[in-house]
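I have placed the structure first, in the form of structure tokens, so that the comments after it can refer back to it.
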Amino acid sequence: MTVAMTLETLRHSTAHVLAQAVTELYPDTILGTGPSISTGFYYDFDIKHKLTQSDLNRIENRMQEIVKRKTQFEYSVLDKQEALSLMREKNQIYKIELIEDLGAADFSFYKCGSFIDLCKGPHIKDSGEIPAFKLLSVAGAYWKGSEENKMLQRIYGTAFFNKKDLRSYLNRLEEAKKRDHRVLGRELDLFSMTEETGAGLVLWHPRGACIRDIIEGYWKKEHYKAGYELFYSPHIGLADLWKTSGHLDFYNDNMYSPVNIENHDFYIKPMNCPFHIVYYKNTNRSYRELPVRLAELGTVYRYERSGTLHGLLRVRGFTQDDAHIICTPDQVHDEILQTLKFSIDMLNVFGFDKFNIFLSTKPAEKYVGKQDQWEKAQDALKTAIETLNLPFQLDEGGGAFYGPKIDIKIEDAIGREWQCSTIQFDFNLPERFNMSYVGSDGNKKRPYMIHRALLGAIERFFGILIEHYAGKFPLWLASTQVKVLNISEHNLDYSREIVEKLKKEDIRADIDDSSEKIGYKIRLGIKQKVPYLIVTGRNEQDNNTVSVRSRDEGDLGEMTLDKFISIIKNNTVNKV
RNA sequence: GCCGAUGUAGCUCAGUUGGUCAGAGCAGCUGAUUUGUAAUCAGCUGGUCGGGGGUUCGAAUCCCUCCAUCGGCUCCA
């Protein structure tokens, strides 16, 4: 066997060493599987003993020993009978299942010391070739990833070619922890979620609310520019509405129980679309009116299983930056192109420029709508992506049953991918609601409907933003843009005057008029990540100036207030 | 929902085998200080130890249960 020493190989081999160590320490271990993954590797085990963090240390030490032993990885091939009997002998029921599943004639094994594992390889030459590794965590994981199956214990770890890479990876994990939006959210007093109010429900504190307001204000302004009309719909709707839309049939698991008012059931909305459609149908529509573009920051509530909740990134009540475009077949291409461009532009403004775009097409089996509709829609989506020269991945058959879609994912600080923008066709709802418009030939026609969100959900997007900026919101988004710090009581009037002047210029300014020393005030201002701190003391008062300290650029020295205001205005407009 | 871990003042955490163990720092408040670029000093107020139930003469500590959070899995129209 040739040994291709890729990071993947190294990690896969390290997973074997992990399994070997665990087997040595816990002889009753039944092995699951143990692949390499993008951040390292894992191995699943069925062990009676509940693994703890301290067990991890013990296992890691044993792994170090195995590495020191420099045992060879020996390759061998067994036929099915031999493979099965070997695994039976070792009571490896999961491996037996794998052998049966694979249905091949021959099976390759790798042996390292007394440890042998079913594996297609490749592997490193011997265990001594592992230069740097670390076990990271234990977690539960279903056998074969199915909820129906038994839950095994999974150990995560990582490995690198050298200690330096490992260290920098671990540092990155530390860094990511510091950026965690849940931590920063508390430190910067942006939001909270409490046991008292309910899991997955967000309290937007004034500072967070301020930033949200700026985001939403910008969002609205841009939507008007892009030819959208704003819409508001209620939080609950009659059962019949959701029956017509199909949500009570298809989405019921995610919906909360109804409230009964005068013998009518009302459901809290999990989506905004039905309301927009009802409005569309409010009057006879002519092709001359299309496209109709309705945008709404609509707050929806969905049941999410308790174990899936995660800070702002997965919640039960959230506000979609939703819109529905209802148009004629002729308009589909233009609308999609415009929407995709809009989406990318919007994400760019918030500092995101790394995207993973997925184009999902018609599922093989369950779907609604006609073939030519799907083709036209898919063509529009693909053409738009290509026109903008964006790389994308094709997810053949990955579309929803009601239409094809584009999903845009961005990466957060910890390398997790989060879906923000989505642009999806819907062939289902126009049918169900019998939507129509009168064409130029005087006949009633069925419009195309496009459902789209650019930021996805405000809550999730805010969480991603916090991590992206590490809490250092750019000037235009910062809740407090300038904090004025007076040196002593003698400068208080002058300092307050400065604040008032800044406020008059629509600059979000605040004052720290406590009787603390300037060092303390600066420390506090830095901790709060305020973009600009202004020091006002005797010198400034005498010279009629301010001393500016920028969060990102350090001390900018003494300048006139007018000069400072123009810097702020300039940077705000440019969104830096 | 599932597996595991965790839950002590607003925050970060101490609390040895159940018996002055309800504590510290920061924050907050009150005073003093009037300060020149990352923590001025002093005093004070904060907690049914996540909720409920149980064992015990006695529970933050042991048991049960519920809730929430964390790491994952699963799910993600």
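We name chains A, B, ... following the order of the structure tokens; residues begin at 1 in each chain, and ligands are numbered from 1 as shown.
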
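Non-sequential neighbours of B:C29 (distance at most 12 Å, separation of 4 or more positions within a chain, only C-alpha atoms (C1' of nucleotides)) are G43, C44, U45 and G46 of chain B.
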
Within stretch 230-356 of chain A, find each residue whose DSSP state, derived from the backbone, is helix (DSSP H, G or I), and express the selection as a ChimeraX atom specification.
-> /A:239-245,247-250,252-254,273-280,287-289,306-308,329-349

Find the residues near stretch 242-259 of chain A: any atom within 12 Å, counting only C-alpha atoms (C1' of nucleotides), skip ones fewer than 4 places away on the same chain, and give them as a ChimeraX atom specification.
-> /A:235-238,263-278,300-305,316-317,400-402,426-435 /B:75-77

Using only C-alpha atoms (C1' of nucleotides), find each residue in chain A having at least one atom no more than 6 Å away from chain B; report its shortest atom-to-atom pair and that distance in Å (one decimal), rows by chain then rising number, as CSV.
```
residue,atom,partner,partner_atom,distance
A:Ala139,CA,B:G72,C1',4.5
A:Gly140,CA,B:C3,C1',4.3
A:Ala141,CA,B:C73,C1',4.2
A:Tyr142,CA,B:C73,C1',5.9
A:Glu147,CA,B:U74,C1',5.8
A:Glu195,CA,B:A68,C1',5.7
A:Ser488,CA,B:U34,C1',5.0
A:Lys517,CA,B:U35,C1',5.0
A:Gly519,CA,B:U37,C1',5.9
A:Tyr520,CA,B:A39,C1',5.7
A:Arg523,CA,B:A38,C1',4.3
```

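Between atom CA of A:Gly157 and atom CA of A:Lys134 there is a distance of 5.5 Å.
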
What residues in stretch 10-139 of chain A get the DSSP label strand (DSSP E or B)? Please answer as number ranges by chain.
-> A: 30-31, 36-37, 40-46, 72-79, 106-112, 115-118, 126, 132-139
